[in-house]
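Remarks on the structure that follows.
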Amino acid sequence: MQAFRTLTSGVMPLDRVNVDTDQIIPKQFLKRIERTGYGEFLFFDWRKDPAFELNNPRYKGAEILVAGKNFGCGSSREHAAWALSDYGFRCVIGSTFADIFHSNAGKNGILLVTLPEEQVQTLLDRAAKNDGYRLTVSLEENTITDGQGFSTGFSIDPFRRYCLLEGLDDIGLTLRHTGALDTYEKQHDAAFWVAPRAS
Amino acid sequence: MSSNPKTLFEKVWESHLVAEPPNEPALLYIDLHLVHEVTSPQAFEGLRMTGRKLRRPDRTIATVDHNVPTTANRLIIEDAIAAKQIDTLRKNCADFGVELFDVQSPNQGIVHVIGPELGFTKPGMTIVCGDSHTSTHGAFGALAFGIGTSEVEHVMATQCLPQSKPKTFRIAVEGELPDGVTAKDVALGIIGRIGTDGATGHVIEYAGSAIRSLSMEGRMTLCNMSIEAGARAGMIAPDETTFAYLKGRKFSPQGEHWEKAVAEWRSLASDEGAKFDRELIIPAIELAPYVTWGTSPGMVVAVTDVVPDPAATANDADRRGFERALEYMNLKAGTPIEEVTIERVFIGSCTNSRIEDLRAAAKVVTGYHVHPSVHAMVVPGSQLVKAQAESEGLDAIFREAGFEWREPGCSMCLGMNPDILQPGERCASTSNRNFEGRQGRGGRTHLVSPMMAAAAAVLGHFTDVRTWEFKKEEVLA
């Protein structure tokens, strides 16, 4: 996984609430068995509207997305994170995120930053109004600045932060606990009342 | 009262802790991993690329549900990409030793229908699946939640997941549910009150007399929709209803093990005095049959209401979302819901495709015919549900009324198979999501209970099922 440290980039505002993962990547692209190549299908239906932000040349190359509350709600499809990442987004800023999407984003090196709603609105407005608007997101410093007076800190789960900073493979981390797992499992296998199959 | 009272969630959580490394998420053991064709191929591929094994094939089961056609000749899948995905699951299950309930199996069905009906799902378990509606299994007092494909691979490799401990949210529905108000309406009523992000970061425990009076099918419907309120999971304490459902199921404990298992399961209920991070009490009498009007499950009103006015929203962002939803749904504020006409009816999905759902819908349509301008279909949740319904003659009732009677699968809930809405078509659906394009690009979805969907099929518009004139009631009494 690619590590996330500090990113300075253009910003695409997506001033919509409850953006669900069906919109991020519609169902017809979930039939593929690959993990790559989803970027061209990002926001597939919304992109058909010429006025949609992704079609606006001024946001071309933006690696930071700012969106309304409850971004990533609905389906657990990790294809949503794959599509965002494959398209080039490395950071999403919003006031709240759905739980499963939050986890999926982290596993793909996408930093999700949670800010108060007023600050998110400020960023949405500035990105929409100022040509060439850029933000610097530092995970090392836990700060976001725009060079135009906007500067804020943000909080993030320390372990999530550590994994993103180091680009760590989750499974590898769990395998450090193989001893504890073997011990637990040996004992737990006797609990037939929570075994999938009747003994 | 226990000196250290615990919630149902805490009991299941604590009994599955493998490790609690400092400053890291806890490592949670997973009892049962459900796998389907859509969210697993990249995970199996990940195992191959890293040379890792599937740690516990015996705790892993698979079925095909999302992509499979629901027509009679479904062994041949014309969509080459879907066919490849299903073949890939077959190969992966064979290579890694996973039991697969394939299309021809008498146990095939929607993953969240077959887990419980075969007795794989049990109280006190931890259950995951690469599908957000895994919350369904919480109806049995299991901790069950949806995960992404990276986590699917993680569980395959380690049978564990690193998890931050969620908060707890007790929602009690007290009193008797009015006639015509079903578990689906309880779910929609709750989401309408707390919003689609109302339970984010929380595990809901549903409690109260109205919940205890629900059948297991009803409890599954309710827990299924927990994710639509943003919850990590939904749970209901196991009781006599749960044990009666599980007794004698294919993979339920047998003989002397049964009594011991029940004793273990009985101890799972939240202790008196257990503390929840949040609590909400809803009087059952306040609930009604609901219809969603917008593009998010929280955009919902009682069937007797009108399409609401965007001006009533709390802030600008919500108002814009509201206006956008009205535009997409082609509805005007102030329109009575009962005047909204539909062209399609879908009875099915992991939310509402179980035998009780089909019985309720059949009871409404008995003696009636589907409206001439409506195309209606029933998609049973599993082969076992389908066989049961056919043995009760429900298929004949639906067919005679003009419904299509299909083979089991996810079908038009998300339209990954050929069952989709055409642009502009309006559907009364018993599924779980009314997102833009969910059932087909440009399609307009209204979420309702099976009874409400059946009544809409007959009239061609929504109607209050509480005033429905049932015919030949004795047939199904």
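Note on naming: chains are A, B, ... as they come in the structure tokens, residues start from 1 per chain, ligands start from 1 in the order shown.
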Open item on the list: If you run DSSP on the backbone here, which positions in chain A get strand (DSSP E)? Please write them as a PyMOL selection string.
Closed with: chain A and resi 6-14+64-67+91-94+111-114+134-138+143-145+151-153
TODO: Give me the residues within 9 Å of region 102-115 of chain A as a PyMOL selection string, counting only C-alpha atoms and dropping any in the same chain fewer than 4 places off.
DONE: (chain A and resi 1-4+72+76-82+84-85+89-98+119-120+139+152-156+160-161+163-165+167-170) or (chain B and resi 147-151)
Find the nearest atom pair between each residue of region 292-334 of chain B and region 447-456 of chain B for residues within 9 Å, count only C-alpha atoms, give distances in Å to one decimal, sort rows by chain and ascending number, and present the table as a tab-separated table.
residue	atom	partner	partner_atom	distance
B:Thr292	CA	B:Leu447	CA	5.3
B:Trp293	CA	B:Leu447	CA	8.2
B:Pro297	CA	B:Leu447	CA	7.6
B:Val300	CA	B:Leu447	CA	8.6
TODO: Compile the residues of chain A that lie within 7 Å of chain B, evaluated using only C-alpha atoms, and express the compilation as an MDAnalysis selection string.
DONE: chainID A and resid 16:17 22 27:28 30:35 70 74:78 98:100 104 107 159 171 180:181 184 193:199
Pull N, CA, C and O atoms from the residues just selected and write them as a short mmCIF file (atom, residue, chain, number, x, y, z; two decimals), in the first residue's frame.
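What ended up in out-v8.cif:
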data_model
loop_
_atom_site.label_atom_id
_atom_site.label_comp_id
_atom_site.auth_asym_id
_atom_site.auth_seq_id
_atom_site.Cartn_x
_atom_site.Cartn_y
_atom_site.Cartn_z
N ARG A 16 -22.56 17.52 -2.23
CA ARG A 16 -23.76 16.67 -2.12
C ARG A 16 -23.65 15.87 -0.83
O ARG A 16 -22.54 15.47 -0.45
N VAL A 17 -24.79 15.65 -0.19
CA VAL A 17 -24.80 14.84 1.04
C VAL A 17 -25.18 13.39 0.69
O VAL A 17 -25.75 13.12 -0.36
N ASP A 22 -23.08 3.25 -4.51
CA ASP A 22 -23.70 2.95 -5.81
C ASP A 22 -23.42 4.08 -6.81
O ASP A 22 -23.31 3.84 -8.01
N LYS A 27 -23.25 -0.76 -10.07
CA LYS A 27 -23.22 -2.23 -9.98
C LYS A 27 -22.62 -2.95 -11.18
O LYS A 27 -21.99 -3.98 -11.03
N GLN A 28 -22.84 -2.40 -12.40
CA GLN A 28 -22.42 -3.16 -13.58
C GLN A 28 -20.91 -3.38 -13.64
O GLN A 28 -20.45 -4.25 -14.35
N LEU A 30 -19.14 -4.16 -10.97
CA LEU A 30 -18.77 -5.05 -9.87
C LEU A 30 -18.61 -6.49 -10.33
O LEU A 30 -18.30 -7.36 -9.55
N LYS A 31 -18.87 -6.72 -11.61
CA LYS A 31 -18.78 -8.09 -12.11
C LYS A 31 -17.35 -8.45 -12.49
O LYS A 31 -17.06 -9.62 -12.74
N ARG A 32 -16.49 -7.44 -12.54
CA ARG A 32 -15.11 -7.72 -12.92
C ARG A 32 -14.38 -8.41 -11.78
O ARG A 32 -14.69 -8.19 -10.61
N ILE A 33 -13.39 -9.23 -12.10
CA ILE A 33 -12.67 -9.94 -11.06
C ILE A 33 -11.32 -9.30 -10.74
O ILE A 33 -10.58 -9.78 -9.91
N GLU A 34 -11.04 -8.17 -11.40
CA GLU A 34 -9.76 -7.48 -11.18
C GLU A 34 -9.89 -6.46 -10.05
O GLU A 34 -10.98 -6.09 -9.65
N ARG A 35 -8.74 -6.03 -9.57
CA ARG A 35 -8.71 -5.01 -8.52
C ARG A 35 -8.39 -3.63 -9.10
O ARG A 35 -8.51 -2.62 -8.41
N ASN A 70 -21.82 12.04 5.39
CA ASN A 70 -22.20 10.63 5.18
C ASN A 70 -21.71 10.11 3.83
O ASN A 70 -22.37 9.27 3.20
N GLY A 74 -24.01 3.12 2.29
CA GLY A 74 -24.61 2.06 1.50
C GLY A 74 -23.72 0.83 1.38
O GLY A 74 -23.09 0.40 2.35
N SER A 75 -23.68 0.32 0.17
CA SER A 75 -23.00 -0.94 -0.13
C SER A 75 -21.55 -0.98 0.34
O SER A 75 -20.84 0.03 0.28
N SER A 76 -21.10 -2.17 0.73
CA SER A 76 -19.73 -2.36 1.25
C SER A 76 -18.68 -2.42 0.15
O SER A 76 -17.50 -2.54 0.43
N ARG A 77 -19.10 -2.36 -1.10
CA ARG A 77 -18.20 -2.56 -2.25
C ARG A 77 -16.89 -1.77 -2.13
O ARG A 77 -16.90 -0.53 -2.17
N GLU A 78 -15.79 -2.49 -2.04
CA GLU A 78 -14.48 -1.82 -1.98
C GLU A 78 -14.13 -1.22 -3.34
O GLU A 78 -13.24 -0.36 -3.44
N ALA A 98 -19.28 6.98 6.11
CA ALA A 98 -19.87 5.70 6.52
C ALA A 98 -18.75 4.75 6.96
O ALA A 98 -17.63 4.80 6.46
N ASP A 99 -19.07 3.88 7.91
CA ASP A 99 -18.06 3.03 8.57
C ASP A 99 -17.31 2.11 7.61
O ASP A 99 -16.09 2.02 7.67
N ILE A 100 -18.05 1.37 6.77
CA ILE A 100 -17.37 0.37 5.94
C ILE A 100 -16.49 1.07 4.90
O ILE A 100 -15.35 0.67 4.65
N ASN A 104 -12.51 0.63 4.13
CA ASN A 104 -12.02 0.32 2.77
C ASN A 104 -11.04 1.37 2.26
O ASN A 104 -10.04 1.04 1.62
N LYS A 107 -7.58 0.95 3.72
CA LYS A 107 -6.84 -0.21 3.20
C LYS A 107 -6.28 0.06 1.81
O LYS A 107 -5.49 -0.73 1.28
N PHE A 159 -4.02 4.60 15.15
CA PHE A 159 -3.55 3.40 14.47
C PHE A 159 -3.76 3.51 12.95
O PHE A 159 -2.90 3.14 12.15
N ILE A 171 -2.70 -7.54 7.00
CA ILE A 171 -2.61 -8.98 7.29
C ILE A 171 -1.28 -9.27 7.96
O ILE A 171 -1.20 -10.01 8.94
N ALA A 180 -1.02 -15.95 19.81
CA ALA A 180 -2.26 -15.69 20.55
C ALA A 180 -3.45 -16.28 19.79
O ALA A 180 -4.38 -16.83 20.39
N LEU A 181 -3.40 -16.18 18.48
CA LEU A 181 -4.49 -16.69 17.65
C LEU A 181 -4.59 -18.21 17.76
O LEU A 181 -5.68 -18.76 17.95
N TYR A 184 -6.01 -19.05 21.19
CA TYR A 184 -7.43 -18.72 21.27
C TYR A 184 -8.26 -19.73 20.48
O TYR A 184 -9.27 -20.25 20.96
N TRP A 193 -21.54 -24.27 20.40
CA TRP A 193 -22.75 -23.46 20.23
C TRP A 193 -22.52 -22.24 19.33
O TRP A 193 -23.48 -21.61 18.92
N VAL A 194 -21.27 -21.93 19.05
CA VAL A 194 -20.99 -20.87 18.08
C VAL A 194 -20.18 -21.40 16.89
O VAL A 194 -19.55 -20.65 16.18
N ALA A 195 -20.21 -22.71 16.69
CA ALA A 195 -19.55 -23.29 15.51
C ALA A 195 -20.53 -23.26 14.35
O ALA A 195 -21.73 -23.47 14.55
N PRO A 196 -20.04 -22.98 13.14
CA PRO A 196 -20.97 -22.92 12.00
C PRO A 196 -21.74 -24.23 11.80
O PRO A 196 -22.93 -24.21 11.54
N ARG A 197 -21.02 -25.33 11.92
CA ARG A 197 -21.66 -26.63 11.66
C ARG A 197 -21.86 -27.40 12.96
O ARG A 197 -20.97 -27.41 13.81
N ALA A 198 -23.01 -28.06 13.07
CA ALA A 198 -23.30 -28.87 14.25
C ALA A 198 -22.23 -29.95 14.40
O ALA A 198 -21.78 -30.51 13.41
N SER A 199 -21.83 -30.18 15.65
CA SER A 199 -20.81 -31.21 15.86
C SER A 199 -21.48 -32.53 16.24
O SER A 199 -22.64 -32.56 16.58
#
Task: Atomic distance CA of Phe96 (chain B) - CA of Trp13 (chain B), expressed in Å with one decimal - done: 28.4 Å
Task: CA of Ile342 (chain B) to CA of Arg426 (chain B), distance in Å rounded to a single decimal - done: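 A separation of 5.0 Å between them.
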Open item on the list: Which of region 289-446 of chain B end up as helix (DSSP H, G or I) when DSSP is run on this backbone - answer as a PyMOL selection string?
Closed with: chain B and resi 310-312+316-329+337-339+355-365+383-391+394-401+411-413
Selection from above, N, CA and C atoms, as a short mmCIF file (atom, residue, chain, number, x, y, z; two decimals), in the first residue's frame, can you write it?
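File written: result01.cif
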data_model
loop_
_atom_site.label_atom_id
_atom_site.label_comp_id
_atom_site.auth_asym_id
_atom_site.auth_seq_id
_atom_site.Cartn_x
_atom_site.Cartn_y
_atom_site.Cartn_z
N PRO B 310 -39.19 20.69 0.48
CA PRO B 310 -37.77 20.93 0.78
C PRO B 310 -37.57 22.07 1.78
N ALA B 311 -38.50 22.99 1.81
CA ALA B 311 -38.35 24.15 2.72
C ALA B 311 -38.29 23.72 4.18
N ALA B 312 -38.78 22.49 4.45
CA ALA B 312 -38.83 22.02 5.84
C ALA B 312 -37.48 21.46 6.31
N ASP B 316 -29.05 24.16 4.26
CA ASP B 316 -28.94 24.29 2.81
C ASP B 316 -28.50 23.01 2.12
N ALA B 317 -27.52 22.34 2.71
CA ALA B 317 -27.00 21.12 2.09
C ALA B 317 -28.10 20.08 1.99
N ASP B 318 -28.87 19.93 3.08
CA ASP B 318 -29.97 18.96 3.08
C ASP B 318 -31.05 19.38 2.08
N ARG B 319 -31.31 20.68 2.00
CA ARG B 319 -32.34 21.17 1.09
C ARG B 319 -31.98 20.86 -0.36
N ARG B 320 -30.71 21.07 -0.71
CA ARG B 320 -30.27 20.77 -2.08
C ARG B 320 -30.39 19.28 -2.38
N GLY B 321 -30.02 18.44 -1.39
CA GLY B 321 -30.15 17.00 -1.56
C GLY B 321 -31.60 16.60 -1.77
N PHE B 322 -32.46 17.26 -1.02
CA PHE B 322 -33.89 17.03 -1.06
C PHE B 322 -34.47 17.39 -2.44
N GLU B 323 -34.06 18.57 -2.93
CA GLU B 323 -34.56 19.02 -4.24
C GLU B 323 -34.07 18.12 -5.37
N ARG B 324 -32.82 17.70 -5.24
CA ARG B 324 -32.24 16.81 -6.22
C ARG B 324 -33.00 15.48 -6.26
N ALA B 325 -33.34 14.99 -5.06
CA ALA B 325 -34.08 13.72 -4.97
C ALA B 325 -35.47 13.85 -5.61
N LEU B 326 -36.14 14.97 -5.34
CA LEU B 326 -37.47 15.18 -5.94
C LEU B 326 -37.38 15.20 -7.46
N GLU B 327 -36.33 15.85 -7.96
CA GLU B 327 -36.15 15.94 -9.40
C GLU B 327 -35.91 14.55 -9.99
N TYR B 328 -35.01 13.80 -9.35
CA TYR B 328 -34.71 12.46 -9.85
C TYR B 328 -35.95 11.57 -9.83
N MET B 329 -36.72 11.70 -8.75
CA MET B 329 -37.91 10.84 -8.58
C MET B 329 -39.11 11.37 -9.37
N ILE B 337 -48.98 10.53 -1.20
CA ILE B 337 -48.27 9.30 -1.57
C ILE B 337 -49.23 8.32 -2.25
N GLU B 338 -50.47 8.27 -1.79
CA GLU B 338 -51.42 7.31 -2.35
C GLU B 338 -51.79 7.63 -3.81
N GLU B 339 -51.41 8.81 -4.29
CA GLU B 339 -51.67 9.15 -5.70
C GLU B 339 -50.49 8.83 -6.60
N ILE B 355 -40.19 -16.71 3.82
CA ILE B 355 -41.52 -17.31 3.68
C ILE B 355 -42.61 -16.41 4.26
N GLU B 356 -42.33 -15.81 5.40
CA GLU B 356 -43.36 -14.96 6.02
C GLU B 356 -43.69 -13.76 5.13
N ASP B 357 -42.66 -13.22 4.47
CA ASP B 357 -42.88 -12.09 3.55
C ASP B 357 -43.78 -12.50 2.40
N LEU B 358 -43.51 -13.69 1.87
CA LEU B 358 -44.29 -14.15 0.72
C LEU B 358 -45.72 -14.47 1.15
N ARG B 359 -45.87 -15.03 2.36
CA ARG B 359 -47.23 -15.30 2.87
C ARG B 359 -48.03 -14.00 3.01
N ALA B 360 -47.37 -12.98 3.56
CA ALA B 360 -48.06 -11.70 3.79
C ALA B 360 -48.49 -11.08 2.46
N ALA B 361 -47.58 -11.13 1.46
CA ALA B 361 -47.91 -10.55 0.15
C ALA B 361 -49.01 -11.36 -0.52
N ALA B 362 -48.94 -12.69 -0.41
CA ALA B 362 -49.94 -13.56 -1.05
C ALA B 362 -51.32 -13.31 -0.44
N LYS B 363 -51.33 -13.06 0.86
CA LYS B 363 -52.60 -12.82 1.53
C LYS B 363 -53.28 -11.56 0.96
N VAL B 364 -52.48 -10.57 0.64
CA VAL B 364 -53.03 -9.33 0.07
C VAL B 364 -53.55 -9.57 -1.35
N VAL B 365 -52.81 -10.33 -2.16
CA VAL B 365 -53.21 -10.45 -3.57
C VAL B 365 -54.26 -11.53 -3.81
N GLN B 383 -33.81 -21.41 -2.48
CA GLN B 383 -34.50 -22.59 -3.00
C GLN B 383 -35.42 -23.17 -1.93
N LEU B 384 -34.99 -23.13 -0.67
CA LEU B 384 -35.83 -23.68 0.40
C LEU B 384 -37.09 -22.83 0.59
N VAL B 385 -36.94 -21.51 0.52
CA VAL B 385 -38.11 -20.63 0.62
C VAL B 385 -39.05 -20.90 -0.55
N LYS B 386 -38.48 -21.04 -1.73
CA LYS B 386 -39.29 -21.27 -2.92
C LYS B 386 -40.07 -22.58 -2.79
N ALA B 387 -39.36 -23.63 -2.35
CA ALA B 387 -40.02 -24.94 -2.20
C ALA B 387 -41.13 -24.87 -1.14
N GLN B 388 -40.86 -24.19 -0.05
CA GLN B 388 -41.86 -24.06 1.01
C GLN B 388 -43.09 -23.31 0.50
N ALA B 389 -42.83 -22.20 -0.20
CA ALA B 389 -43.93 -21.39 -0.74
C ALA B 389 -44.76 -22.22 -1.72
N GLU B 390 -44.08 -23.02 -2.54
CA GLU B 390 -44.81 -23.83 -3.52
C GLU B 390 -45.62 -24.91 -2.83
N SER B 391 -45.09 -25.45 -1.72
CA SER B 391 -45.85 -26.48 -1.00
C SER B 391 -47.10 -25.87 -0.34
N LEU B 394 -48.44 -20.82 -2.57
CA LEU B 394 -48.30 -19.36 -2.73
C LEU B 394 -47.93 -19.00 -4.17
N ASP B 395 -47.14 -19.88 -4.81
CA ASP B 395 -46.76 -19.59 -6.20
C ASP B 395 -47.99 -19.51 -7.09
N ALA B 396 -48.95 -20.39 -6.82
CA ALA B 396 -50.18 -20.39 -7.62
C ALA B 396 -50.96 -19.10 -7.39
N ILE B 397 -51.02 -18.65 -6.15
CA ILE B 397 -51.73 -17.39 -5.85
C ILE B 397 -51.08 -16.23 -6.61
N PHE B 398 -49.75 -16.19 -6.55
CA PHE B 398 -49.04 -15.09 -7.24
C PHE B 398 -49.24 -15.19 -8.76
N ARG B 399 -49.08 -16.39 -9.29
CA ARG B 399 -49.19 -16.55 -10.75
C ARG B 399 -50.59 -16.19 -11.23
N GLU B 400 -51.59 -16.70 -10.50
CA GLU B 400 -52.98 -16.40 -10.90
C GLU B 400 -53.26 -14.90 -10.85
N ALA B 401 -52.58 -14.23 -9.93
CA ALA B 401 -52.80 -12.79 -9.80
C ALA B 401 -52.01 -12.01 -10.86
N SER B 411 -31.36 -10.41 -7.52
CA SER B 411 -32.28 -9.90 -8.55
C SER B 411 -32.33 -8.37 -8.60
N MET B 412 -33.52 -7.84 -8.63
CA MET B 412 -33.71 -6.41 -8.88
C MET B 412 -33.42 -5.52 -7.67
N CYS B 413 -32.97 -6.11 -6.58
CA CYS B 413 -32.56 -5.25 -5.46
C CYS B 413 -31.42 -4.36 -5.92
#
Task: Test item: residues at most 9 Å from Met12 (chain A), only C-alpha atoms, excluding those fewer than 5 positions along its chain, as a ChimeraX atom specification - done: /A:53-54,58-60,62-67,124,127-128
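Among A:Lys129, A:Arg47, A:Arg5, A:Lys186, the residue with the shortest atom-to-atom distance to Glu166 (chain A), counting only C-alpha atoms, is A:Arg5.
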